[in-house]
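Raw contents of start13.txt, compact mmCIF, N, CA, C and O atoms and all ligand atoms:
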```
# COMPACT_ATOMS: atom_id res chain seq x y z
N THR E 158 9.92 7.70 -5.43
CA THR E 158 8.79 7.37 -4.56
C THR E 158 8.86 5.91 -4.12
O THR E 158 9.64 5.13 -4.67
N HIS E 159 8.04 5.60 -3.14
CA HIS E 159 7.83 4.21 -2.77
C HIS E 159 6.42 3.82 -3.20
O HIS E 159 5.56 4.68 -3.37
N VAL E 160 6.22 2.51 -3.39
CA VAL E 160 4.98 2.04 -4.00
C VAL E 160 4.42 0.87 -3.18
O VAL E 160 5.16 -0.04 -2.79
N VAL E 161 3.12 0.91 -2.91
CA VAL E 161 2.46 -0.22 -2.24
C VAL E 161 2.00 -1.20 -3.32
O VAL E 161 1.44 -0.80 -4.35
N THR E 162 2.24 -2.48 -3.10
CA THR E 162 1.95 -3.50 -4.12
C THR E 162 1.02 -4.60 -3.60
O THR E 162 0.50 -4.52 -2.48
N ASP E 163 0.87 -5.60 -4.42
CA ASP E 163 -0.15 -6.65 -4.28
C ASP E 163 -0.39 -7.20 -2.86
O ASP E 163 -1.53 -7.39 -2.45
N ASN E 164 0.67 -7.47 -2.14
CA ASN E 164 0.44 -8.19 -0.88
C ASN E 164 -0.18 -7.34 0.22
O ASN E 164 -0.55 -7.87 1.27
N CYS E 165 -0.34 -6.05 -0.01
CA CYS E 165 -1.10 -5.24 0.96
C CYS E 165 -2.58 -5.61 0.92
O CYS E 165 -3.28 -5.49 1.94
N ILE E 166 -3.05 -6.07 -0.24
CA ILE E 166 -4.47 -6.33 -0.43
C ILE E 166 -4.98 -7.35 0.60
O ILE E 166 -4.43 -8.44 0.73
N LYS E 167 -6.00 -6.94 1.33
CA LYS E 167 -6.65 -7.75 2.37
C LYS E 167 -5.76 -8.03 3.59
O LYS E 167 -6.18 -8.69 4.53
N CYS E 168 -4.54 -7.53 3.59
CA CYS E 168 -3.70 -7.61 4.79
C CYS E 168 -3.82 -6.29 5.54
O CYS E 168 -4.21 -6.25 6.70
N LYS E 169 -3.49 -5.19 4.84
CA LYS E 169 -3.81 -3.87 5.38
C LYS E 169 -3.40 -3.73 6.86
O LYS E 169 -4.20 -3.33 7.70
N TYR E 170 -2.16 -4.09 7.14
CA TYR E 170 -1.70 -4.06 8.54
C TYR E 170 -1.57 -2.62 9.08
O TYR E 170 -1.71 -2.37 10.26
N LYS E 171 -1.22 -1.70 8.21
CA LYS E 171 -1.16 -0.27 8.53
C LYS E 171 -0.04 0.15 9.48
O LYS E 171 -0.05 1.26 10.00
N ASP E 172 0.93 -0.73 9.70
CA ASP E 172 2.11 -0.29 10.45
C ASP E 172 2.83 0.82 9.70
O ASP E 172 3.50 1.67 10.29
N CYS E 173 2.69 0.82 8.39
CA CYS E 173 3.31 1.85 7.54
C CYS E 173 2.81 3.24 7.90
O CYS E 173 3.57 4.21 7.92
N VAL E 174 1.52 3.33 8.19
CA VAL E 174 0.89 4.62 8.49
C VAL E 174 1.53 5.27 9.71
O VAL E 174 1.78 6.47 9.76
N GLU E 175 1.78 4.42 10.69
CA GLU E 175 2.28 4.92 11.96
C GLU E 175 3.66 5.56 11.84
O GLU E 175 3.98 6.48 12.58
N VAL E 176 4.47 5.08 10.94
CA VAL E 176 5.85 5.57 10.86
C VAL E 176 6.06 6.64 9.79
O VAL E 176 7.10 7.28 9.75
N CYS E 177 5.10 6.84 8.91
CA CYS E 177 5.30 7.78 7.79
C CYS E 177 5.40 9.22 8.32
O CYS E 177 4.46 9.72 8.93
N PRO E 178 6.52 9.90 8.06
CA PRO E 178 6.68 11.27 8.59
C PRO E 178 5.90 12.31 7.81
O PRO E 178 5.76 13.44 8.27
N VAL E 179 5.40 11.95 6.63
CA VAL E 179 4.68 12.95 5.82
C VAL E 179 3.22 12.56 5.55
O VAL E 179 2.54 13.21 4.74
N ASP E 180 2.75 11.50 6.21
CA ASP E 180 1.34 11.08 6.08
C ASP E 180 0.89 10.96 4.62
O ASP E 180 -0.13 11.53 4.22
N CYS E 181 1.63 10.19 3.85
CA CYS E 181 1.33 10.12 2.41
C CYS E 181 0.58 8.84 2.03
O CYS E 181 0.53 8.48 0.85
N PHE E 182 -0.03 8.17 3.02
CA PHE E 182 -0.82 6.97 2.71
C PHE E 182 -2.30 7.30 2.55
O PHE E 182 -2.85 8.15 3.27
N TYR E 183 -2.93 6.59 1.60
CA TYR E 183 -4.36 6.77 1.32
C TYR E 183 -5.01 5.40 1.36
O TYR E 183 -4.39 4.39 0.97
N VAL E 184 -6.26 5.36 1.83
CA VAL E 184 -6.85 4.07 2.18
C VAL E 184 -8.10 3.74 1.37
O VAL E 184 -9.04 4.52 1.27
N GLY E 185 -8.08 2.54 0.78
CA GLY E 185 -9.24 1.99 0.10
C GLY E 185 -9.84 0.87 0.93
O GLY E 185 -9.39 0.60 2.05
N GLU E 186 -10.84 0.21 0.38
CA GLU E 186 -11.50 -0.84 1.14
C GLU E 186 -10.54 -1.98 1.49
O GLU E 186 -10.56 -2.52 2.58
N ASN E 187 -9.70 -2.35 0.54
CA ASN E 187 -8.86 -3.53 0.74
C ASN E 187 -7.36 -3.28 0.79
O ASN E 187 -6.59 -4.20 1.06
N MET E 188 -6.91 -2.06 0.49
CA MET E 188 -5.47 -1.80 0.57
C MET E 188 -5.18 -0.31 0.72
O MET E 188 -6.09 0.52 0.62
N LEU E 189 -3.92 -0.01 0.95
CA LEU E 189 -3.46 1.37 1.01
C LEU E 189 -2.58 1.66 -0.20
O LEU E 189 -2.01 0.73 -0.81
N VAL E 190 -2.46 2.92 -0.55
CA VAL E 190 -1.51 3.34 -1.58
C VAL E 190 -0.72 4.54 -1.07
O VAL E 190 -1.11 5.18 -0.09
N ILE E 191 0.38 4.84 -1.75
CA ILE E 191 1.23 5.98 -1.42
C ILE E 191 1.06 7.05 -2.49
O ILE E 191 1.08 6.74 -3.69
N HIS E 192 0.92 8.30 -2.06
CA HIS E 192 0.88 9.40 -3.03
C HIS E 192 2.32 9.70 -3.50
O HIS E 192 3.16 10.11 -2.68
N PRO E 193 2.59 9.49 -4.78
CA PRO E 193 3.98 9.61 -5.24
C PRO E 193 4.55 11.02 -5.16
O PRO E 193 5.77 11.19 -5.10
N ASP E 194 3.69 12.02 -5.13
CA ASP E 194 4.20 13.39 -5.04
C ASP E 194 4.43 13.82 -3.59
O ASP E 194 5.03 14.87 -3.34
N GLU E 195 3.94 13.03 -2.66
CA GLU E 195 4.10 13.38 -1.24
C GLU E 195 5.17 12.55 -0.55
O GLU E 195 5.78 12.99 0.43
N CYS E 196 5.39 11.34 -1.05
CA CYS E 196 6.42 10.45 -0.48
C CYS E 196 7.79 11.10 -0.62
O CYS E 196 8.15 11.60 -1.70
N ILE E 197 8.56 11.10 0.48
CA ILE E 197 9.90 11.71 0.45
C ILE E 197 10.99 10.66 0.34
O ILE E 197 12.18 10.96 0.49
N ASP E 198 10.58 9.40 0.08
CA ASP E 198 11.55 8.33 -0.13
C ASP E 198 12.45 8.07 1.07
O ASP E 198 13.60 7.68 0.91
N CYS E 199 11.91 8.27 2.26
CA CYS E 199 12.73 8.00 3.46
C CYS E 199 12.90 6.50 3.67
O CYS E 199 13.88 6.06 4.25
N GLY E 200 11.89 5.71 3.24
CA GLY E 200 12.00 4.26 3.33
C GLY E 200 11.68 3.67 4.69
O GLY E 200 11.78 2.45 4.86
N VAL E 201 11.27 4.46 5.67
CA VAL E 201 11.03 3.89 7.00
C VAL E 201 9.85 2.89 7.01
O VAL E 201 9.80 2.00 7.85
N CYS E 202 8.92 3.03 6.09
CA CYS E 202 7.76 2.12 6.07
C CYS E 202 8.13 0.72 5.59
O CYS E 202 7.45 -0.24 5.93
N VAL E 203 9.18 0.62 4.78
CA VAL E 203 9.48 -0.66 4.14
C VAL E 203 9.67 -1.80 5.14
O VAL E 203 9.00 -2.83 5.05
N PRO E 204 10.55 -1.66 6.13
CA PRO E 204 10.74 -2.77 7.07
C PRO E 204 9.60 -2.94 8.06
O PRO E 204 9.52 -3.96 8.74
N GLU E 205 8.72 -1.94 8.15
CA GLU E 205 7.60 -2.02 9.09
C GLU E 205 6.45 -2.88 8.58
O GLU E 205 5.62 -3.34 9.35
N CYS E 206 6.36 -3.06 7.27
CA CYS E 206 5.21 -3.78 6.69
C CYS E 206 5.35 -5.29 6.87
O CYS E 206 6.24 -5.90 6.28
N PRO E 207 4.46 -5.90 7.67
CA PRO E 207 4.54 -7.36 7.89
C PRO E 207 4.28 -8.16 6.62
O PRO E 207 4.63 -9.34 6.54
N ALA E 208 3.68 -7.52 5.61
CA ALA E 208 3.36 -8.21 4.37
C ALA E 208 4.43 -7.98 3.29
O ALA E 208 4.30 -8.50 2.18
N VAL E 209 5.46 -7.21 3.62
CA VAL E 209 6.51 -6.88 2.63
C VAL E 209 5.87 -6.40 1.33
O VAL E 209 6.18 -6.88 0.23
N ALA E 210 5.00 -5.43 1.44
CA ALA E 210 4.24 -4.96 0.28
C ALA E 210 4.75 -3.64 -0.29
O ALA E 210 4.30 -3.22 -1.34
N ILE E 211 5.69 -2.99 0.41
CA ILE E 211 6.15 -1.66 -0.03
C ILE E 211 7.57 -1.76 -0.58
O ILE E 211 8.45 -2.34 0.05
N PHE E 212 7.75 -1.15 -1.77
CA PHE E 212 9.07 -1.18 -2.41
C PHE E 212 9.44 0.20 -2.93
O PHE E 212 8.58 0.97 -3.35
N PRO E 213 10.75 0.49 -2.96
CA PRO E 213 11.19 1.70 -3.66
C PRO E 213 10.98 1.52 -5.15
O PRO E 213 11.05 0.38 -5.65
N ASP E 214 10.73 2.60 -5.86
CA ASP E 214 10.44 2.46 -7.29
C ASP E 214 11.57 1.79 -8.05
O ASP E 214 11.34 1.11 -9.05
N SER E 215 12.78 1.94 -7.56
CA SER E 215 13.92 1.34 -8.24
C SER E 215 13.90 -0.19 -8.21
O SER E 215 14.58 -0.84 -8.99
N ASP E 216 13.08 -0.76 -7.32
CA ASP E 216 12.98 -2.21 -7.22
C ASP E 216 11.80 -2.78 -8.00
O ASP E 216 11.55 -3.98 -7.96
N ILE E 217 11.06 -1.92 -8.68
CA ILE E 217 9.86 -2.35 -9.40
C ILE E 217 10.05 -2.09 -10.89
O ILE E 217 10.54 -1.03 -11.27
N PRO E 218 9.68 -3.04 -11.74
CA PRO E 218 9.81 -2.82 -13.18
C PRO E 218 9.02 -1.58 -13.60
O PRO E 218 7.91 -1.36 -13.12
N SER E 219 9.59 -0.76 -14.47
CA SER E 219 8.98 0.52 -14.82
C SER E 219 7.60 0.36 -15.45
O SER E 219 6.76 1.26 -15.38
N GLU E 220 7.33 -0.81 -16.04
CA GLU E 220 6.03 -1.02 -16.68
C GLU E 220 4.97 -1.51 -15.68
O GLU E 220 3.81 -1.73 -16.05
N SER E 221 5.35 -1.67 -14.43
CA SER E 221 4.40 -2.19 -13.44
C SER E 221 3.16 -1.30 -13.32
O SER E 221 3.26 -0.08 -13.26
N HIS E 222 2.00 -1.93 -13.23
CA HIS E 222 0.75 -1.17 -13.06
C HIS E 222 0.65 -0.52 -11.69
O HIS E 222 -0.20 0.33 -11.46
N TRP E 223 1.52 -0.91 -10.77
CA TRP E 223 1.41 -0.36 -9.42
C TRP E 223 1.77 1.12 -9.34
O TRP E 223 1.29 1.84 -8.46
N PHE E 224 2.60 1.59 -10.23
CA PHE E 224 2.90 3.03 -10.24
C PHE E 224 1.63 3.83 -10.50
O PHE E 224 1.29 4.76 -9.78
N GLU E 225 0.96 3.44 -11.57
CA GLU E 225 -0.26 4.13 -11.98
C GLU E 225 -1.36 4.00 -10.91
O GLU E 225 -2.09 4.94 -10.61
N LEU E 226 -1.46 2.81 -10.35
CA LEU E 226 -2.52 2.58 -9.36
C LEU E 226 -2.28 3.36 -8.08
O LEU E 226 -3.23 3.88 -7.48
N ASN E 227 -1.04 3.44 -7.62
CA ASN E 227 -0.78 4.24 -6.43
C ASN E 227 -1.12 5.70 -6.70
O ASN E 227 -1.77 6.37 -5.90
N ARG E 228 -0.71 6.23 -7.85
CA ARG E 228 -0.99 7.63 -8.15
C ARG E 228 -2.49 7.88 -8.28
O ARG E 228 -3.04 8.80 -7.69
N LYS E 229 -3.15 7.04 -9.04
CA LYS E 229 -4.58 7.25 -9.29
C LYS E 229 -5.40 7.21 -8.01
O LYS E 229 -6.20 8.10 -7.73
N PHE E 230 -5.18 6.17 -7.21
CA PHE E 230 -6.05 6.00 -6.04
C PHE E 230 -5.65 6.89 -4.87
O PHE E 230 -6.49 7.20 -4.02
N ALA E 231 -4.42 7.37 -4.84
CA ALA E 231 -4.05 8.37 -3.83
C ALA E 231 -4.84 9.65 -4.05
O ALA E 231 -5.08 10.42 -3.12
N GLY E 232 -5.27 9.86 -5.29
CA GLY E 232 -6.07 11.03 -5.60
C GLY E 232 -7.57 10.83 -5.37
O GLY E 232 -8.34 11.79 -5.42
N LEU E 233 -7.97 9.60 -5.13
CA LEU E 233 -9.40 9.30 -4.97
C LEU E 233 -9.77 8.88 -3.55
O LEU E 233 -10.87 9.15 -3.08
N TRP E 234 -8.86 8.18 -2.89
CA TRP E 234 -9.17 7.65 -1.56
C TRP E 234 -8.78 8.66 -0.48
O TRP E 234 -7.94 9.53 -0.70
N PRO E 235 -9.36 8.52 0.73
CA PRO E 235 -9.02 9.43 1.82
C PRO E 235 -7.63 9.17 2.41
O PRO E 235 -7.15 8.03 2.40
N ASN E 236 -7.04 10.22 2.90
CA ASN E 236 -5.77 10.13 3.60
C ASN E 236 -5.97 9.34 4.91
O ASN E 236 -7.03 9.39 5.51
N ILE E 237 -4.94 8.60 5.32
CA ILE E 237 -5.01 7.89 6.60
C ILE E 237 -3.78 8.24 7.42
O ILE E 237 -2.65 8.18 6.93
N THR E 238 -4.02 8.62 8.68
CA THR E 238 -2.89 9.04 9.52
C THR E 238 -2.83 8.25 10.83
O THR E 238 -1.89 8.39 11.58
N LYS E 239 -3.87 7.45 11.07
CA LYS E 239 -3.86 6.64 12.30
C LYS E 239 -3.95 5.17 11.94
O LYS E 239 -4.76 4.78 11.09
N LYS E 240 -3.18 4.35 12.63
CA LYS E 240 -3.05 2.95 12.26
C LYS E 240 -4.36 2.17 12.36
O LYS E 240 -4.79 1.55 11.40
N GLY E 241 -5.01 2.17 13.48
CA GLY E 241 -6.23 1.37 13.66
C GLY E 241 -5.94 -0.12 13.60
O GLY E 241 -4.78 -0.54 13.52
N GLU E 242 -6.99 -0.91 13.62
CA GLU E 242 -6.83 -2.38 13.64
C GLU E 242 -6.73 -2.94 12.23
O GLU E 242 -7.48 -2.52 11.35
N PRO E 243 -5.85 -3.90 12.02
CA PRO E 243 -5.86 -4.59 10.72
C PRO E 243 -7.07 -5.52 10.65
O PRO E 243 -7.68 -5.83 11.68
N PRO E 244 -7.44 -5.97 9.44
CA PRO E 244 -8.55 -6.92 9.34
C PRO E 244 -8.26 -8.18 10.16
O PRO E 244 -7.10 -8.59 10.28
N GLY E 245 -9.30 -8.79 10.72
CA GLY E 245 -9.11 -9.96 11.57
C GLY E 245 -8.46 -11.13 10.85
O GLY E 245 -7.79 -11.97 11.47
N ASP E 246 -8.67 -11.20 9.53
CA ASP E 246 -8.11 -12.33 8.77
C ASP E 246 -6.86 -11.93 7.97
O ASP E 246 -6.48 -12.59 7.01
N ALA E 247 -6.22 -10.84 8.40
CA ALA E 247 -5.04 -10.35 7.66
C ALA E 247 -3.97 -11.42 7.51
O ALA E 247 -3.40 -11.60 6.42
N ASP E 248 -3.69 -12.14 8.58
CA ASP E 248 -2.61 -13.13 8.51
C ASP E 248 -2.93 -14.25 7.52
O ASP E 248 -2.05 -14.80 6.87
N ALA E 249 -4.21 -14.58 7.39
CA ALA E 249 -4.61 -15.64 6.46
C ALA E 249 -4.37 -15.21 5.00
O ALA E 249 -4.16 -16.04 4.13
N TRP E 250 -4.41 -13.90 4.75
CA TRP E 250 -4.22 -13.40 3.38
C TRP E 250 -2.77 -13.08 3.05
O TRP E 250 -2.43 -12.86 1.89
N ASN E 251 -1.93 -13.06 4.07
CA ASN E 251 -0.53 -12.68 3.85
C ASN E 251 0.15 -13.72 2.95
O ASN E 251 0.28 -14.89 3.34
N GLY E 252 0.52 -13.30 1.76
CA GLY E 252 1.20 -14.20 0.83
C GLY E 252 0.28 -14.92 -0.13
O GLY E 252 0.74 -15.66 -1.00
N ALA E 253 -1.03 -14.71 -0.02
CA ALA E 253 -1.96 -15.34 -0.96
C ALA E 253 -1.63 -14.85 -2.38
O ALA E 253 -1.31 -13.68 -2.57
N PRO E 254 -1.67 -15.75 -3.38
CA PRO E 254 -1.28 -15.36 -4.73
C PRO E 254 -2.33 -14.51 -5.44
O PRO E 254 -3.53 -14.67 -5.21
N ASN E 255 -1.86 -13.61 -6.29
CA ASN E 255 -2.72 -12.90 -7.24
C ASN E 255 -3.94 -12.25 -6.61
O ASN E 255 -5.06 -12.39 -7.10
N LYS E 256 -3.72 -11.56 -5.53
CA LYS E 256 -4.85 -10.92 -4.86
C LYS E 256 -5.44 -9.78 -5.69
O LYS E 256 -6.62 -9.47 -5.59
N PHE E 257 -4.60 -9.17 -6.51
CA PHE E 257 -5.06 -8.02 -7.29
C PHE E 257 -6.27 -8.36 -8.16
O PHE E 257 -7.25 -7.61 -8.21
N ALA E 258 -6.22 -9.48 -8.85
CA ALA E 258 -7.27 -9.83 -9.80
C ALA E 258 -8.64 -9.93 -9.13
O ALA E 258 -9.65 -9.56 -9.71
N LYS E 259 -8.66 -10.41 -7.90
CA LYS E 259 -9.95 -10.65 -7.25
C LYS E 259 -10.33 -9.61 -6.22
O LYS E 259 -11.52 -9.43 -5.95
N HIS E 260 -9.36 -8.96 -5.65
CA HIS E 260 -9.68 -8.20 -4.44
C HIS E 260 -9.17 -6.78 -4.42
O HIS E 260 -9.17 -6.14 -3.36
N PHE E 261 -8.73 -6.24 -5.54
CA PHE E 261 -8.24 -4.87 -5.51
C PHE E 261 -9.40 -3.90 -5.29
O PHE E 261 -10.39 -3.94 -5.99
N SER E 262 -9.25 -3.05 -4.33
CA SER E 262 -10.17 -1.92 -4.13
C SER E 262 -9.69 -1.14 -2.93
O SER E 262 -8.95 -1.64 -2.13
FE1 LIG V 301 -0.41 -2.55 3.60
FE2 LIG V 301 1.85 -3.22 4.72
FE3 LIG V 301 0.88 -0.85 5.14
S1 LIG V 301 0.07 -4.54 4.47
S2 LIG V 301 -1.30 -1.16 5.03
S3 LIG V 301 1.55 -1.64 3.18
S4 LIG V 301 1.95 -2.11 6.63
```
Translate this file's structure into structure tokens.
Ligand code: F3S
Amino acid sequence: THVVTDNCIKCKYKDCVEVCPVDCFYVGENMLVIHPDECIDCGVCVPECPAVAIFPDSDIPSESHWFELNRKFAGLWPNITKKGEPPGDADAWNGAPNKFAKHFS
């Protein structure tokens, strides 16, 4: 699977949504996640994300909390299939440190 990680938080550019062939993104207030059982590992979303927030599982340490968080919240949040507008302050948040602790949702 592929996994959405910290830098999506408050950036939420959603270019990933537009290119996903299986519509496996789910949307929370501040970030998106990927449903690990629906992702086909095509990887097309990776270069599309301006925040470089999406990684193949092989590039993430197995103990990372992002595996669990993507799975859990893909089951709770609604599916998203249309890109829409990113937050107005997305660029200001791109690269901000430790967004998870303060802004995950
Ligand atoms: Fe997030 Fe990047 Fe998609 S910022 S919404 S993973 S394009």
Exercise for the section: Please write out the residues within 8 Å of ligand LIG 301 (chain V) as number ranges by chain, counting all atoms listed in the file. Expected result: E: 160-175, 183, 187-190, 202-212, 240
Problem - Test item, helix (DSSP H, G or I) assignment across range 162-209 of chain E, answer as a VMD selection string - result: chain E and resid 163 to 165 172 to 176 203 to 205
Practice task
Identify which of the residues E:Trp234, E:Asp246, E:Asn255, E:Ser219 lies closest to Glu186 in chain E, counting only N, CA, C and O atoms when measuring atom-to-atom distances.
Solution key: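 Comparing E:Trp234, E:Asp246, E:Asn255, E:Ser219 against Glu186 in chain E, the winner is E:Trp234.
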Handout entry: Expected answer as an MDAnalysis selection string: strand (DSSP E) residues in chain E
Key = chainID E and resid 159:161 182:184 189:191 211:213
Problem - Atom-to-atom span, atom N of Trp223 in chain E and atom N of Thr158 in chain E, Å - result: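 Going from atom N of Trp223 in chain E over to atom N of Thr158 in chain E covers 13.2 Å.
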Put a box with edges along x, y and z around all the listed atoms of range 228-232 of chain E, pad it by 5 Å on each side, then give me its centre and sizes in Å, one decimal, as AutoDock Vina command-line options.
```
--center_x -4.5 --center_y 8.9 --center_z -6.2 --size_x 17.6 --size_y 15.8 --size_z 16.2
```
Problem - Among listed residues E:Val184, E:Cys177, E:Ala253, E:Ala247, nearest Leu233 in chain E (using all atoms listed in the file) - result: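 The closest residue to Leu233 in chain E is E:Val184.
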Problem - Atom-to-atom span, atom C of Ser262 in chain E and atom C of Gly185 in chain E, Å - result: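 Separation of atom C of Ser262 in chain E and atom C of Gly185 in chain E: 4.4 Å.
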Problem - Top pick for closest residue to Cys181 in chain E, considering E:Pro213, E:Gly252, E:Pro218, E:Pro235 and counting all atoms listed in the file - result: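 Going through E:Pro213, E:Gly252, E:Pro218, E:Pro235 one by one, the smallest distance to Cys181 in chain E is for E:Pro235.
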Write out as a tab-separated table (two decimals) with N, CA, C and O atoms, keeping the file's coordinate frame the residues lying within 8 Å of Asp180 in chain E, counting all atoms listed in the file and excluding same-chain residues fewer than 4 positions away.
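Just written: selection38.tsv:
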```tsv
chain	number	residue	atom	x	y	z
E	173	CYS	N	2.69	0.82	8.39
E	173	CYS	CA	3.31	1.85	7.54
E	173	CYS	C	2.81	3.24	7.90
E	173	CYS	O	3.57	4.21	7.92
E	174	VAL	N	1.52	3.33	8.19
E	174	VAL	CA	0.89	4.62	8.49
E	174	VAL	C	1.53	5.27	9.71
E	174	VAL	O	1.78	6.47	9.76
E	176	VAL	N	4.47	5.08	10.94
E	176	VAL	CA	5.85	5.57	10.86
E	176	VAL	C	6.06	6.64	9.79
E	176	VAL	O	7.10	7.28	9.75
E	190	VAL	N	-2.46	2.92	-0.55
E	190	VAL	CA	-1.51	3.34	-1.58
E	190	VAL	C	-0.72	4.54	-1.07
E	190	VAL	O	-1.11	5.18	-0.09
E	191	ILE	N	0.38	4.84	-1.75
E	191	ILE	CA	1.23	5.98	-1.42
E	191	ILE	C	1.06	7.05	-2.49
E	191	ILE	O	1.08	6.74	-3.69
E	192	HIS	N	0.92	8.30	-2.06
E	192	HIS	CA	0.88	9.40	-3.03
E	192	HIS	C	2.32	9.70	-3.50
E	192	HIS	O	3.16	10.11	-2.68
E	195	GLU	N	3.94	13.03	-2.66
E	195	GLU	CA	4.10	13.38	-1.24
E	195	GLU	C	5.17	12.55	-0.55
E	195	GLU	O	5.78	12.99	0.43
E	196	CYS	N	5.39	11.34	-1.05
E	196	CYS	CA	6.42	10.45	-0.48
E	196	CYS	C	7.79	11.10	-0.62
E	196	CYS	O	8.15	11.60	-1.70
E	236	ASN	N	-7.04	10.22	2.90
E	236	ASN	CA	-5.77	10.13	3.60
E	236	ASN	C	-5.97	9.34	4.91
E	236	ASN	O	-7.03	9.39	5.51
E	237	ILE	N	-4.94	8.60	5.32
E	237	ILE	CA	-5.01	7.89	6.60
E	237	ILE	C	-3.78	8.24	7.42
E	237	ILE	O	-2.65	8.18	6.93
E	238	THR	N	-4.02	8.62	8.68
E	238	THR	CA	-2.89	9.04	9.52
E	238	THR	C	-2.83	8.25	10.83
E	238	THR	O	-1.89	8.39	11.58
```
Problem - Å distance separating atom N of Asp214 in chain E from CA of Asp198 in chain E, one decimal place - result: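 Result for atom N of Asp214 in chain E versus CA of Asp198 in chain E: 8.1 Å, one decimal.
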Please complete range 173-179 of chain E with all heavy atoms and give it back as a PDB file, in the frame of the given file.
```pdb
ATOM      1  N   CYS E 173       2.690   0.820   8.390  1.00  0.00           N
ATOM      2  CA  CYS E 173       3.310   1.850   7.540  1.00  0.00           C
ATOM      3  C   CYS E 173       2.810   3.240   7.900  1.00  0.00           C
ATOM      4  O   CYS E 173       3.570   4.210   7.920  1.00  0.00           O
ATOM      5  CB  CYS E 173       3.013   1.548   6.072  1.00  0.00           C
ATOM      6  SG  CYS E 173       1.243   1.325   5.709  1.00  0.00           S
ATOM      7  N   VAL E 174       1.520   3.330   8.190  1.00  0.00           N
ATOM      8  CA  VAL E 174       0.890   4.620   8.490  1.00  0.00           C
ATOM      9  C   VAL E 174       1.530   5.270   9.710  1.00  0.00           C
ATOM     10  O   VAL E 174       1.780   6.470   9.760  1.00  0.00           O
ATOM     11  CB  VAL E 174      -0.622   4.429   8.725  1.00  0.00           C
ATOM     12  CG1 VAL E 174      -1.266   5.695   9.244  1.00  0.00           C
ATOM     13  CG2 VAL E 174      -1.291   3.955   7.451  1.00  0.00           C
ATOM     14  N   GLU E 175       1.780   4.420  10.690  1.00  0.00           N
ATOM     15  CA  GLU E 175       2.280   4.920  11.960  1.00  0.00           C
ATOM     16  C   GLU E 175       3.660   5.560  11.840  1.00  0.00           C
ATOM     17  O   GLU E 175       3.980   6.480  12.580  1.00  0.00           O
ATOM     18  CB  GLU E 175       2.340   3.746  12.954  1.00  0.00           C
ATOM     19  CG  GLU E 175       2.306   4.173  14.381  1.00  0.00           C
ATOM     20  CD  GLU E 175       1.612   3.118  15.207  1.00  0.00           C
ATOM     21  OE1 GLU E 175       2.198   2.051  15.447  1.00  0.00           O
ATOM     22  OE2 GLU E 175       0.458   3.367  15.586  1.00  0.00           O
ATOM     23  N   VAL E 176       4.470   5.080  10.940  1.00  0.00           N
ATOM     24  CA  VAL E 176       5.850   5.570  10.860  1.00  0.00           C
ATOM     25  C   VAL E 176       6.060   6.640   9.790  1.00  0.00           C
ATOM     26  O   VAL E 176       7.100   7.280   9.750  1.00  0.00           O
ATOM     27  CB  VAL E 176       6.858   4.424  10.645  1.00  0.00           C
ATOM     28  CG1 VAL E 176       6.810   3.452  11.818  1.00  0.00           C
ATOM     29  CG2 VAL E 176       6.612   3.700   9.330  1.00  0.00           C
ATOM     30  N   CYS E 177       5.100   6.840   8.910  1.00  0.00           N
ATOM     31  CA  CYS E 177       5.300   7.780   7.790  1.00  0.00           C
ATOM     32  C   CYS E 177       5.400   9.220   8.320  1.00  0.00           C
ATOM     33  O   CYS E 177       4.460   9.720   8.930  1.00  0.00           O
ATOM     34  CB  CYS E 177       4.162   7.668   6.790  1.00  0.00           C
ATOM     35  SG  CYS E 177       4.364   8.808   5.395  1.00  0.00           S
ATOM     36  N   PRO E 178       6.520   9.900   8.060  1.00  0.00           N
ATOM     37  CA  PRO E 178       6.680  11.270   8.590  1.00  0.00           C
ATOM     38  C   PRO E 178       5.900  12.310   7.810  1.00  0.00           C
ATOM     39  O   PRO E 178       5.760  13.440   8.270  1.00  0.00           O
ATOM     40  CB  PRO E 178       8.190  11.516   8.450  1.00  0.00           C
ATOM     41  CG  PRO E 178       8.613  10.651   7.316  1.00  0.00           C
ATOM     42  CD  PRO E 178       7.712   9.426   7.353  1.00  0.00           C
ATOM     43  N   VAL E 179       5.400  11.950   6.630  1.00  0.00           N
ATOM     44  CA  VAL E 179       4.680  12.950   5.820  1.00  0.00           C
ATOM     45  C   VAL E 179       3.220  12.560   5.550  1.00  0.00           C
ATOM     46  O   VAL E 179       2.540  13.210   4.740  1.00  0.00           O
ATOM     47  CB  VAL E 179       5.413  13.217   4.474  1.00  0.00           C
ATOM     48  CG1 VAL E 179       6.765  13.871   4.736  1.00  0.00           C
ATOM     49  CG2 VAL E 179       5.575  11.958   3.646  1.00  0.00           C
TER      50      VAL E 179
END
```
